[in-house]
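Working notes for the structure below.
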Amino acid sequence: MRNLPIEIINAVVENVSSLTDLLQLRCLNLAYRDLVTPIAFSKLHVKNSIQSAQNFQQIIAAARLATHVREVVYDSQVEDMDEVAELEDALTEAFCAIDTLPRLECVTANFWPSFTSQSGKEIRETPFWFTNRQITVIHAIYHAMKKSRMSSLSLNNVVMMPPSRYDFVSTLTNSPLSHLSLSVVPNADISAWSGSKEINGSLGALLPLSNDTLKSLALRSPQGPYYSIETQLSSFHYPSLESLVLENTVFDQTPSPEGVEEFVLRQKSGLRHLELRSCASYVASPLFDARLWSSIWQRWATELTSLRELMVDGDSGYVALDADWGYVTYKPISTIAAESDSSSLQMFRDAIASACKVVA
C-alpha cells in the first residue's frame with residue numbers, strides 16, 4: 001500500500017470517512033500525509049475536557065496543520081471529570097486563539113443543559129454551571145471574532161441569561177459574520193430551573209451590532225415556545241440580510257419597536273427569504289384583543305416588497321401564559337378570525353408570487 005500510484009492513494013483517502021482511519025493512513029508515508037492532512041484537519045471537534053482543549057491549542061500552534069482548519073465544533077455533551085475552573089480556563093484559552101486560524105470559516109458550539117450520569121440516566125441540574133460554561137465559551141468566541149475571518153457562527157441550546165451577562169457582545173464593533181444561527185432553550189425548560197413560567201432572556205443579547213455584513217440569520221427554539229418579556233430588538237438593523245428563519249418564536253400582542261414583528265420589517269430592504277416554523281402570537285389576557293396573524297400577514301404583504309420566498313411551517317397560532325403549564329395554545333380564537341388568518345396568508349403568498357413573475 002505504501003507504493004501504490006498517487007491516483008489510487010488519492011481514491012483510497014477520499015473514500016475513508018473515519019477520522020481514526022485517516023490519521024492512521026497519514027502515518028504511512030509522505031504521500032499519504034500530504035493527501036490526508038487537509039481532510040483530517042479541515043473540521044476539528046473540541047470536547048468538554050482539558051485534554052481536548054489543549055490538543056486543540058497544539059493544532060492551532062502548528063502552522064502546517066492550522067492552515068487546513070475550516071470548521072471548529074465544540075460539543076459539551078460529553079461528561080467531564082475535570083475541575084470546573086481549570087476546564088473553563090482551558091476552553092477560554094483555546095477559543096480565544098481561533099483568531100489565528102488563517103482559513104477558519106465556521107464555528108459551532110453545541111451546549112447541553114443536562115448531563116448523563118455514570119449509570120446512563122440523564123439528569124437535569126440547576127442551570128448555573130451550565131450557563132457559566134456557555135458564557136465562558138461564547139465570550140471567548142466573540143473575543144476571537146475581533147480578528148478572526150470566520151463568517152459563520154452557530155450557537156445551539158443556549159440558556160438565555162440577563163443581557164448584562166453578555167456585555168462583551170457590544171465590544172465586537174465589526175462583526176465578520178455573514179451567517180448566525182442561534183437556538184435557545186424554551187421557556188418550559190427555563191421554568192423547570194427558575195420556578196417562573198414566563199422568564200427568559202432576550203435574543204437581542206447575543207445579536208451582533210447593526211452592520212452590513214450579516215446576510216443570514218436563524219433564531220430558533222426547537223424544543224418549545226420561546227418568549228421574552230423584554231425582547232429588546234429595536235437597535236438591530238442588517239441592511240444586507242437576505243434570509244431570516246424564526247422557529248417557535250412568540251410574537252408580542254402589541255407591536256413595538258422592541259418586538260419581533262417590527263424587527264422583521266426593519267430588514268425589509270434586502271430580505272428575500274422569510275421562514276416561520278410554528279411561531280405564535282401572544283395573548284396576554286382574554287380581556288384584550290389578540291394580535292391576529294391576519295394583521296401581521298397584511299402588514300408584511302404591504303411592506304416586505306423585496307421578499308421572494310415565504311415558508312410557513314406548522315400552525316401560526318396563539319399562546320397564553322398558564323400559571324401551571326407555562327405557554328400553552330390559546331384556543332378561544334373564533335372561526336372567523338382563523339379563516340381570516342388563512343386567507344391573509346394566502347394573499348401574502350400570492351403577492352410574493354406575483355412579484356417574482358414581474359422580476360422574471
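Just remember, in the C-alpha cells the first chain shown is A, the second B, etc., residues are 1-based per chain, and ligands are 1-based in the order shown.
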
Determine, counting only C-alpha atoms, which protein, DNA and RNA residues have an atom within 7 Å of an atom of A:His273; residues of the same chain fewer than 5 positions away are not included. Present the result as JSON, numbers by chain.
-> {"A": [242, 243, 244, 307, 308, 309, 310]}

Could you give me, as a VMD selection string, each residue of stretch 39-226 of chain A that DSSP assigns to strand (DSSP E or B) when run on this structure's backbone?
-> chain A and resid 43 to 47 71 to 75 106 to 110 115 to 116 122 to 123 152 to 158 179 to 184 216 to 220 226

Quick one: write out the picked residues with N, CA and C atoms as a compact mmCIF listing (two decimals), in the first residue's frame?
# COMPACT_ATOMS: atom_id res chain seq x y z
N LYS A 43 -11.98 19.88 9.75
CA LYS A 43 -13.03 20.06 10.77
C LYS A 43 -12.55 19.49 12.09
N LEU A 44 -12.46 20.34 13.09
CA LEU A 44 -11.95 19.92 14.41
C LEU A 44 -13.08 19.89 15.43
N HIS A 45 -13.10 18.84 16.23
CA HIS A 45 -14.09 18.71 17.29
C HIS A 45 -13.40 18.91 18.64
N VAL A 46 -13.92 19.84 19.42
CA VAL A 46 -13.39 20.11 20.75
C VAL A 46 -14.36 19.55 21.78
N LYS A 47 -13.90 18.62 22.57
CA LYS A 47 -14.75 18.01 23.58
C LYS A 47 -14.66 18.79 24.89
N GLU A 71 -13.40 24.48 9.93
CA GLU A 71 -14.56 24.44 10.82
C GLU A 71 -14.15 23.91 12.20
N VAL A 72 -14.72 24.52 13.24
CA VAL A 72 -14.49 24.08 14.62
C VAL A 72 -15.84 23.82 15.27
N VAL A 73 -15.96 22.65 15.92
CA VAL A 73 -17.21 22.28 16.59
C VAL A 73 -16.91 21.97 18.06
N TYR A 74 -17.60 22.66 18.94
CA TYR A 74 -17.49 22.38 20.38
C TYR A 74 -18.74 21.64 20.82
N ASP A 75 -18.56 20.54 21.51
CA ASP A 75 -19.68 19.73 21.98
C ASP A 75 -19.51 19.47 23.47
N CYS A 106 -16.14 28.54 9.86
CA CYS A 106 -17.35 28.24 10.63
C CYS A 106 -17.03 27.74 12.02
N VAL A 107 -17.77 28.22 13.01
CA VAL A 107 -17.67 27.73 14.39
C VAL A 107 -19.06 27.34 14.86
N THR A 108 -19.16 26.16 15.45
CA THR A 108 -20.43 25.67 16.01
C THR A 108 -20.20 25.28 17.46
N ALA A 109 -21.06 25.77 18.34
CA ALA A 109 -20.98 25.42 19.76
C ALA A 109 -22.29 24.76 20.17
N ASN A 110 -22.21 23.49 20.55
CA ASN A 110 -23.38 22.74 20.97
C ASN A 110 -23.39 22.63 22.49
N PHE A 115 -26.79 16.38 31.68
CA PHE A 115 -25.65 15.51 31.50
C PHE A 115 -26.07 14.08 31.84
N THR A 116 -25.27 13.14 31.41
CA THR A 116 -25.57 11.73 31.63
C THR A 116 -24.69 11.21 32.75
N GLU A 122 -30.14 10.34 32.32
CA GLU A 122 -30.00 11.77 32.09
C GLU A 122 -30.50 12.55 33.30
N ILE A 123 -29.69 13.51 33.73
CA ILE A 123 -30.03 14.29 34.92
C ILE A 123 -30.06 15.76 34.56
N SER A 152 -19.25 32.25 9.74
CA SER A 152 -20.47 31.58 10.19
C SER A 152 -20.33 31.15 11.64
N LEU A 153 -21.38 31.41 12.43
CA LEU A 153 -21.41 31.01 13.84
C LEU A 153 -22.75 30.40 14.17
N SER A 154 -22.74 29.22 14.79
CA SER A 154 -23.96 28.56 15.25
C SER A 154 -23.82 28.27 16.74
N LEU A 155 -24.76 28.77 17.53
CA LEU A 155 -24.81 28.53 18.98
C LEU A 155 -26.09 27.77 19.26
N ASN A 156 -25.97 26.54 19.75
CA ASN A 156 -27.12 25.66 19.89
C ASN A 156 -27.43 25.33 21.35
N ASN A 157 -28.72 25.45 21.68
CA ASN A 157 -29.22 25.11 23.01
C ASN A 157 -28.71 26.07 24.08
N VAL A 158 -28.79 27.33 23.79
CA VAL A 158 -28.31 28.37 24.71
C VAL A 158 -29.38 28.67 25.76
N HIS A 179 -23.32 34.75 8.48
CA HIS A 179 -24.40 33.85 8.91
C HIS A 179 -24.33 33.65 10.42
N LEU A 180 -25.49 33.77 11.08
CA LEU A 180 -25.59 33.50 12.52
C LEU A 180 -26.82 32.65 12.76
N SER A 181 -26.63 31.53 13.46
CA SER A 181 -27.74 30.67 13.87
C SER A 181 -27.72 30.55 15.38
N LEU A 182 -28.85 30.86 15.99
CA LEU A 182 -28.95 30.84 17.45
C LEU A 182 -30.19 30.05 17.86
N SER A 183 -29.98 28.91 18.53
CA SER A 183 -31.11 28.15 19.06
C SER A 183 -31.05 28.22 20.59
N VAL A 184 -32.22 28.41 21.19
CA VAL A 184 -32.28 28.67 22.63
C VAL A 184 -33.14 27.63 23.34
N SER A 216 -27.53 36.17 6.67
CA SER A 216 -28.43 35.07 7.03
C SER A 216 -28.53 34.97 8.54
N LEU A 217 -29.76 34.90 9.05
CA LEU A 217 -29.98 34.85 10.50
C LEU A 217 -31.07 33.84 10.80
N ALA A 218 -30.79 32.93 11.72
CA ALA A 218 -31.77 31.94 12.17
C ALA A 218 -31.90 32.02 13.68
N LEU A 219 -33.11 32.23 14.16
CA LEU A 219 -33.40 32.31 15.59
C LEU A 219 -34.40 31.22 15.90
N ARG A 220 -33.95 30.20 16.63
CA ARG A 220 -34.77 29.01 16.82
C ARG A 220 -34.93 28.65 18.30
N TYR A 226 -40.55 30.03 22.62
CA TYR A 226 -39.65 30.99 23.25
C TYR A 226 -40.35 32.34 23.31

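Using only C-alpha atoms, the smallest distance between any of A:Leu274, A:Leu265, A:Met160, A:Leu241 and A:Ser228 comes from A:Met160.
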
Length of the atom CA of A:Ala280 to atom CA of A:Pro257 vector [Å] = 18.2 Å

Would you kindly return, as a ChimeraX atom specification, each protein, DNA or RNA residue with an atom no farther than 8 Å from any atom of A:Tyr166, considering only C-alpha atoms and excluding same-chain residues fewer than 6 positions away?
-> /A:135,139,205-206

Contacts of A:Ala63 at 10 Å or less, counting only C-alpha atoms, minus same-chain residues fewer than 3 places along, as an NGL selection string?
-> :A and (58-60 or 66-68 or 100-102)

Restricting it to N, CA, C and O atoms, dump the selection as a CSV table (one decimal), in the first residue's frame.
chain,number,residue,atom,x,y,z
A,58,GLN,N,-2.7,22.9,20.5
A,58,GLN,CA,-1.5,22.4,19.8
A,58,GLN,C,-1.6,22.4,18.3
A,58,GLN,O,-0.7,22.8,17.6
A,59,ILE,N,-2.8,22.1,17.8
A,59,ILE,CA,-3.1,22.1,16.4
A,59,ILE,C,-3.0,23.6,15.9
A,59,ILE,O,-2.5,23.9,14.8
A,60,ILE,N,-3.6,24.5,16.7
A,60,ILE,CA,-3.6,25.9,16.3
A,60,ILE,C,-2.2,26.4,16.2
A,60,ILE,O,-1.8,27.2,15.3
A,66,ALA,N,-2.7,24.2,11.1
A,66,ALA,CA,-3.7,25.2,11.3
A,66,ALA,C,-4.2,25.8,10.0
A,66,ALA,O,-5.4,26.2,9.9
A,67,THR,N,-3.4,25.8,9.0
A,67,THR,CA,-3.8,26.3,7.7
A,67,THR,C,-4.9,25.5,7.0
A,67,THR,O,-5.6,26.0,6.1
A,68,HIS,N,-5.2,24.3,7.5
A,68,HIS,CA,-6.2,23.5,6.9
A,68,HIS,C,-7.5,23.5,7.6
A,68,HIS,O,-8.5,23.0,7.1
A,100,THR,N,-6.3,33.0,15.1
A,100,THR,CA,-5.0,32.8,14.4
A,100,THR,C,-5.1,31.7,13.3
A,100,THR,O,-4.2,31.4,12.6
A,101,LEU,N,-6.3,31.1,13.2
A,101,LEU,CA,-6.5,30.1,12.2
A,101,LEU,C,-6.8,30.8,10.9
A,101,LEU,O,-7.9,31.5,10.8
A,102,PRO,N,-5.9,30.8,9.9
A,102,PRO,CA,-6.0,31.7,8.8
A,102,PRO,C,-7.2,31.4,7.8
A,102,PRO,O,-7.6,32.4,7.1

For stretch 143-147 of chain A, list every protein, DNA or RNA residue within 9 Å, evaluated using only C-alpha atoms, and leave out those in the same chain fewer than 5 positions away; present the list as a ChimeraX atom specification.
-> /A:95-100,138,168-169,171-177

Gap from atom CA of A:Glu303 to atom CA of A:Lys268 - Å, one decimal = 7.3 Å
